[in-house]
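Here's structure28.txt, which has compact mmCIF, N, CA and C atoms:
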```txt
# COMPACT_ATOMS: atom_id res chain seq x y z
N ALA E 1 -16.37 12.76 6.92
CA ALA E 1 -15.64 11.59 6.44
C ALA E 1 -15.30 10.64 7.60
N VAL E 2 -14.95 11.21 8.74
CA VAL E 2 -14.54 10.38 9.88
C VAL E 2 -15.68 9.49 10.35
N ALA E 3 -16.89 10.05 10.44
CA ALA E 3 -18.05 9.25 10.88
C ALA E 3 -18.33 8.12 9.89
N SER E 4 -18.20 8.38 8.60
CA SER E 4 -18.42 7.35 7.59
C SER E 4 -17.37 6.26 7.69
N VAL E 5 -16.12 6.64 7.90
CA VAL E 5 -15.04 5.65 8.04
C VAL E 5 -15.28 4.77 9.26
N ARG E 6 -15.71 5.37 10.34
CA ARG E 6 -16.02 4.56 11.53
C ARG E 6 -17.11 3.55 11.24
N ARG E 7 -18.15 3.96 10.51
CA ARG E 7 -19.24 3.05 10.15
C ARG E 7 -18.72 1.92 9.28
N VAL E 8 -17.89 2.24 8.30
CA VAL E 8 -17.33 1.22 7.40
C VAL E 8 -16.45 0.25 8.18
N VAL E 9 -15.51 0.78 8.96
CA VAL E 9 -14.57 -0.07 9.69
C VAL E 9 -15.30 -0.96 10.69
N SER E 10 -16.35 -0.45 11.31
CA SER E 10 -17.10 -1.27 12.26
C SER E 10 -17.84 -2.41 11.56
N ALA E 11 -18.13 -2.27 10.26
CA ALA E 11 -18.81 -3.32 9.51
C ALA E 11 -17.85 -4.39 8.98
N LEU E 12 -16.57 -4.08 8.85
CA LEU E 12 -15.61 -4.98 8.21
C LEU E 12 -15.46 -6.36 8.87
N PRO E 13 -15.51 -6.49 10.20
CA PRO E 13 -15.35 -7.83 10.79
C PRO E 13 -16.41 -8.84 10.34
N GLY E 14 -17.52 -8.37 9.80
CA GLY E 14 -18.56 -9.28 9.33
C GLY E 14 -18.29 -9.87 7.96
N TYR E 15 -17.17 -9.55 7.36
CA TYR E 15 -16.84 -9.99 6.00
C TYR E 15 -15.45 -10.61 5.97
N ASP E 16 -15.24 -11.53 5.04
CA ASP E 16 -13.95 -12.18 4.84
C ASP E 16 -13.17 -11.36 3.83
N LEU E 17 -12.38 -10.42 4.32
CA LEU E 17 -11.66 -9.48 3.46
C LEU E 17 -10.16 -9.52 3.76
N PRO E 18 -9.34 -9.16 2.78
CA PRO E 18 -7.90 -9.07 3.06
C PRO E 18 -7.61 -7.87 3.95
N LYS E 19 -6.40 -7.81 4.43
CA LYS E 19 -5.94 -6.69 5.24
C LYS E 19 -6.22 -5.37 4.51
N TYR E 20 -6.61 -4.36 5.26
CA TYR E 20 -6.92 -3.08 4.64
C TYR E 20 -5.98 -1.98 5.14
N HIS E 21 -5.95 -0.90 4.38
CA HIS E 21 -5.16 0.28 4.72
C HIS E 21 -6.08 1.48 4.73
N ILE E 22 -5.84 2.41 5.62
CA ILE E 22 -6.61 3.64 5.68
C ILE E 22 -5.65 4.80 5.41
N ASP E 23 -6.02 5.63 4.44
CA ASP E 23 -5.20 6.77 4.05
C ASP E 23 -6.09 7.97 3.76
N LEU E 24 -5.47 9.13 3.69
CA LEU E 24 -6.18 10.32 3.24
C LEU E 24 -6.42 10.21 1.75
N SER E 25 -7.55 10.71 1.30
CA SER E 25 -7.89 10.69 -0.11
C SER E 25 -7.42 11.98 -0.78
N ALA E 26 -6.96 11.87 -2.00
CA ALA E 26 -6.55 13.04 -2.75
C ALA E 26 -7.75 13.92 -3.10
N GLU E 27 -8.95 13.33 -3.08
CA GLU E 27 -10.16 14.06 -3.43
C GLU E 27 -10.84 14.71 -2.24
N GLY E 28 -10.25 14.64 -1.06
CA GLY E 28 -10.82 15.27 0.12
C GLY E 28 -11.67 14.31 0.93
N GLY E 29 -11.03 13.49 1.69
CA GLY E 29 -11.72 12.51 2.53
C GLY E 29 -10.74 11.45 2.98
N ILE E 30 -11.29 10.26 3.22
CA ILE E 30 -10.49 9.15 3.72
C ILE E 30 -10.82 7.91 2.89
N VAL E 31 -9.81 7.13 2.55
CA VAL E 31 -10.02 5.93 1.74
C VAL E 31 -9.56 4.70 2.52
N ILE E 32 -10.37 3.66 2.43
CA ILE E 32 -10.04 2.34 3.00
C ILE E 32 -9.79 1.45 1.80
N SER E 33 -8.58 0.92 1.66
CA SER E 33 -8.24 0.16 0.45
C SER E 33 -7.82 -1.26 0.78
N PHE E 34 -8.08 -2.14 -0.20
CA PHE E 34 -7.75 -3.56 -0.13
C PHE E 34 -7.03 -3.90 -1.42
N GLU E 35 -5.98 -4.74 -1.33
CA GLU E 35 -5.26 -5.11 -2.54
C GLU E 35 -4.64 -6.49 -2.38
N ALA E 36 -4.73 -7.28 -3.43
CA ALA E 36 -4.08 -8.60 -3.47
C ALA E 36 -3.85 -8.95 -4.94
N GLY E 37 -2.60 -9.07 -5.33
CA GLY E 37 -2.29 -9.39 -6.72
C GLY E 37 -2.86 -8.36 -7.67
N ASP E 38 -3.63 -8.82 -8.65
CA ASP E 38 -4.24 -7.93 -9.64
C ASP E 38 -5.56 -7.34 -9.16
N LYS E 39 -5.98 -7.66 -7.94
CA LYS E 39 -7.28 -7.23 -7.45
C LYS E 39 -7.13 -6.04 -6.50
N TYR E 40 -8.04 -5.07 -6.68
CA TYR E 40 -8.02 -3.87 -5.85
C TYR E 40 -9.45 -3.43 -5.56
N ALA E 41 -9.67 -2.94 -4.37
CA ALA E 41 -10.95 -2.35 -4.01
C ALA E 41 -10.71 -1.25 -3.00
N ASP E 42 -11.59 -0.28 -3.01
CA ASP E 42 -11.54 0.72 -1.95
C ASP E 42 -12.93 1.25 -1.66
N ILE E 43 -13.04 1.84 -0.48
CA ILE E 43 -14.24 2.55 -0.08
C ILE E 43 -13.76 3.93 0.30
N GLU E 44 -14.24 4.91 -0.45
CA GLU E 44 -13.79 6.27 -0.23
C GLU E 44 -14.90 7.07 0.45
N CYS E 45 -14.56 7.66 1.57
CA CYS E 45 -15.50 8.45 2.37
C CYS E 45 -15.10 9.92 2.20
N PHE E 46 -15.92 10.67 1.49
CA PHE E 46 -15.61 12.06 1.19
C PHE E 46 -16.07 12.98 2.31
N ASN E 47 -15.45 14.14 2.41
CA ASN E 47 -15.83 15.13 3.41
C ASN E 47 -17.27 15.61 3.21
N SER E 48 -17.79 15.48 2.01
CA SER E 48 -19.17 15.88 1.70
C SER E 48 -20.20 14.91 2.28
N GLY E 49 -19.74 13.72 2.73
CA GLY E 49 -20.65 12.69 3.23
C GLY E 49 -20.88 11.57 2.24
N GLU E 50 -20.50 11.80 0.99
CA GLU E 50 -20.65 10.77 -0.04
C GLU E 50 -19.68 9.62 0.24
N VAL E 51 -20.14 8.39 0.01
CA VAL E 51 -19.32 7.19 0.19
C VAL E 51 -19.42 6.36 -1.09
N ILE E 52 -18.28 6.07 -1.69
CA ILE E 52 -18.25 5.31 -2.94
C ILE E 52 -17.30 4.13 -2.80
N ALA E 53 -17.75 2.97 -3.26
CA ALA E 53 -16.92 1.77 -3.27
C ALA E 53 -16.53 1.45 -4.70
N ILE E 54 -15.31 0.95 -4.87
CA ILE E 54 -14.79 0.61 -6.19
C ILE E 54 -14.10 -0.75 -6.11
N THR E 55 -14.36 -1.61 -7.11
CA THR E 55 -13.60 -2.86 -7.24
C THR E 55 -13.01 -2.89 -8.64
N SER E 56 -11.83 -3.49 -8.74
CA SER E 56 -11.23 -3.62 -10.06
C SER E 56 -10.24 -4.77 -10.08
N ILE E 57 -10.11 -5.31 -11.27
CA ILE E 57 -9.09 -6.29 -11.58
C ILE E 57 -8.26 -5.66 -12.70
N ARG E 58 -6.95 -5.72 -12.57
CA ARG E 58 -6.08 -5.08 -13.55
C ARG E 58 -6.53 -5.40 -14.98
N HIS E 59 -6.51 -4.41 -15.84
CA HIS E 59 -6.85 -4.51 -17.25
C HIS E 59 -8.35 -4.68 -17.49
N GLU E 60 -9.19 -4.47 -16.47
CA GLU E 60 -10.64 -4.50 -16.64
C GLU E 60 -11.21 -3.18 -16.15
N MET E 61 -12.41 -2.86 -16.61
CA MET E 61 -13.07 -1.64 -16.16
C MET E 61 -13.48 -1.79 -14.69
N PRO E 62 -13.23 -0.77 -13.87
CA PRO E 62 -13.65 -0.85 -12.47
C PRO E 62 -15.17 -0.76 -12.34
N LYS E 63 -15.68 -1.29 -11.25
CA LYS E 63 -17.11 -1.20 -10.93
C LYS E 63 -17.23 -0.30 -9.71
N THR E 64 -18.27 0.53 -9.67
CA THR E 64 -18.46 1.44 -8.55
C THR E 64 -19.87 1.31 -7.98
N TRP E 65 -19.97 1.61 -6.68
CA TRP E 65 -21.26 1.60 -5.98
C TRP E 65 -21.31 2.82 -5.07
N LEU E 66 -22.49 3.42 -4.96
CA LEU E 66 -22.72 4.37 -3.88
C LEU E 66 -22.93 3.54 -2.63
N ALA E 67 -22.32 3.92 -1.53
CA ALA E 67 -22.39 3.11 -0.32
C ALA E 67 -22.73 3.96 0.90
N GLU E 68 -23.62 4.92 0.71
CA GLU E 68 -23.93 5.85 1.79
C GLU E 68 -24.86 5.28 2.85
N THR E 69 -25.72 4.34 2.49
CA THR E 69 -26.62 3.74 3.47
C THR E 69 -26.07 2.39 3.91
N ASN E 70 -26.56 1.87 5.02
CA ASN E 70 -26.09 0.56 5.50
C ASN E 70 -26.38 -0.54 4.48
N ASP E 71 -27.54 -0.48 3.82
CA ASP E 71 -27.88 -1.49 2.82
C ASP E 71 -26.92 -1.43 1.63
N ARG E 72 -26.63 -0.24 1.17
CA ARG E 72 -25.70 -0.09 0.04
C ARG E 72 -24.28 -0.46 0.44
N LEU E 73 -23.90 -0.13 1.66
CA LEU E 73 -22.57 -0.51 2.15
C LEU E 73 -22.45 -2.02 2.19
N ASP E 74 -23.49 -2.69 2.67
CA ASP E 74 -23.49 -4.16 2.72
C ASP E 74 -23.30 -4.74 1.31
N LYS E 75 -24.02 -4.22 0.33
CA LYS E 75 -23.89 -4.72 -1.05
C LYS E 75 -22.48 -4.49 -1.58
N ALA E 76 -21.90 -3.34 -1.26
CA ALA E 76 -20.53 -3.06 -1.70
C ALA E 76 -19.53 -4.00 -1.02
N LEU E 77 -19.70 -4.24 0.27
CA LEU E 77 -18.78 -5.13 0.98
C LEU E 77 -18.92 -6.57 0.51
N VAL E 78 -20.12 -6.99 0.16
CA VAL E 78 -20.31 -8.33 -0.41
C VAL E 78 -19.57 -8.42 -1.74
N ALA E 79 -19.65 -7.38 -2.56
CA ALA E 79 -18.95 -7.37 -3.85
C ALA E 79 -17.44 -7.41 -3.65
N ILE E 80 -16.94 -6.67 -2.67
CA ILE E 80 -15.51 -6.67 -2.38
C ILE E 80 -15.09 -8.05 -1.87
N GLN E 81 -15.87 -8.62 -0.98
CA GLN E 81 -15.58 -9.97 -0.47
C GLN E 81 -15.54 -10.98 -1.61
N SER E 82 -16.48 -10.88 -2.53
CA SER E 82 -16.52 -11.79 -3.68
C SER E 82 -15.29 -11.63 -4.56
N LEU E 83 -14.85 -10.39 -4.75
CA LEU E 83 -13.65 -10.14 -5.55
C LEU E 83 -12.44 -10.84 -4.97
N PHE E 84 -12.31 -10.80 -3.65
CA PHE E 84 -11.13 -11.38 -2.98
C PHE E 84 -11.33 -12.78 -2.48
N GLN E 85 -12.41 -13.44 -2.84
CA GLN E 85 -12.69 -14.79 -2.35
C GLN E 85 -11.50 -15.69 -2.66
N GLY E 86 -11.04 -16.40 -1.63
CA GLY E 86 -9.92 -17.30 -1.77
C GLY E 86 -8.56 -16.65 -1.59
N VAL E 87 -8.53 -15.33 -1.32
CA VAL E 87 -7.28 -14.62 -1.08
C VAL E 87 -7.14 -14.41 0.42
N GLY E 88 -6.07 -14.89 1.00
CA GLY E 88 -5.85 -14.78 2.45
C GLY E 88 -5.55 -13.37 2.87
N PRO E 89 -5.72 -13.06 4.18
CA PRO E 89 -5.43 -11.70 4.68
C PRO E 89 -3.95 -11.37 4.64
```

Spell out the structure here as C-alpha cells.
Amino acid sequence: AVASVRRVVSALPGYDLPKYHIDLSAEGGIVISFEAGDKYADIECFNSGEVIAITSIRHEMPKTWLAETNDRLDKALVAIQSLFQGVGP
C-alpha cells in the first residue's frame, strides 16, 4: 500500500485538485481523500496492491475505477479533477 500511495501522491501535482487527506483504510490499506461540499473522491491503496478510485456527488451513485497502472491512475485523476473543477484548494 505504501508504494502505491507514493506513486499516487507523486502524480497529484500534475492535476488541479483540492486539498487531500491521507488516512488508514478500514479495509486494510491507505486512502487519499478529497472533499468539497457535496463532492467526494478517494483513491484507496490496499495492502494487496489493488488501487481503486471513487468519485461521488451526494445523492448520486458513486463511480469507481481500477487505478493500478499509471494509465488507469491518470484516467482516475482526470475524473477526480473534472469532479472538482472550479473548486478551490

What's around E:Asn47 at 6.5 Å? Count all atoms listed in the file, leave out sequence neighbours fewer than 5 positions away in its own chain, and write the answer as a PyMOL selection string.
chain E and resi 1+28-30

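Here atom C of E:Ala67 stands at a distance of 9.9 Å from atom CA of E:Arg7.
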
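Put simply, atom C of E:His59 is 10.8 Å away from atom N of E:Asp38.
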
Item checked: Residue with smallest distance to E:Glu68 - pool E:Ser33, E:Gly49, E:Gln81, E:Ser56, counting all atoms listed in the file ->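 For E:Glu68, the nearest of the given residues is E:Gly49.
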
Env of E:Ile57: 8 Å cut, atoms = only N, CA and C atoms, seq-sep filter 2 positions within chain, self excluded. Answer as a list in words.
Gly37, Asp38, Lys39, Tyr40, Ala41, Ile54, Thr55, His59, Glu60, Met61, Pro62 and Lys63 of chain E

Could you give me the axis-aligned bounding box of stretch 27-44 of chain E, with 3 Å of padding per side, as centre plus edge lengths in Å to one decimal, as AutoDock Vina command-line options?
```
--center_x -8.6 --center_y 2.9 --center_z -3.0 --size_x 18.6 --size_y 30.7 --size_z 19.4
```

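Nearest residue to E:Glu44 among E:Leu17, E:Ser82, E:Ile32, E:Thr64 is E:Ile32, counting all atoms listed in the file.
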
- Task: Pull the alpha helix (DSSP H) assignments for chain E out of DSSP run on the backbone, and list those residues as a VMD selection string.
- Result: chain E and resid 2 to 11 70 to 83

Exercise. Within 12 Å of E:Ala11, counting only C-alpha atoms, which residues show up once you throw out same-chain ones fewer than 2 positions away? Write them as a list of chain:residue names, please.
Key: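 Within the cut-off, the hits are E:Ser4, E:Val5, E:Arg6, E:Arg7, E:Val8, E:Val9, E:Pro13, E:Gly14, E:Tyr15, E:Asp16, E:Leu17, E:Asn70, E:Asp71, E:Leu73, E:Asp74, E:Lys75, E:Ala76, E:Leu77, E:Val78.
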
**OP:** Find the distance between atom N of E:Ala53 and atom C of E:Ser25 and write it in Å to one decimal.
**Re:**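 Computed distance, atom N of E:Ala53 to atom C of E:Ser25, equals 13.9 Å.
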
Inset, instruction - Please return as a ChimeraX atom specification: the residues of chain E that backbone DSSP assigns to strand (DSSP E or B). - result: /E:20-25,29-36,39-46,51-57,63-66

Counting all atoms listed in the file, closest pick from E:Ala36, E:Ala3, E:Phe46, E:Leu66 relative to E:Phe84 is E:Ala36

From the list E:Asp23, E:Val2, E:Pro18, E:Val51, the nearest residue to E:Glu35 using all atoms listed in the file is E:Pro18

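With only C-alpha atoms as the atoms that count, the minimum distance from E:Trp65 to the choices E:Ile43, E:Tyr20, E:Gln85, E:Ser48 is reached by E:Ile43.
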
Pick the closest to E:Glu27 from E:Ile52, E:Cys45, E:Arg58, E:Ile80: which is it, counting only N, CA and C atoms?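 The shortest atom-to-atom distance to E:Glu27 comes from E:Cys45.
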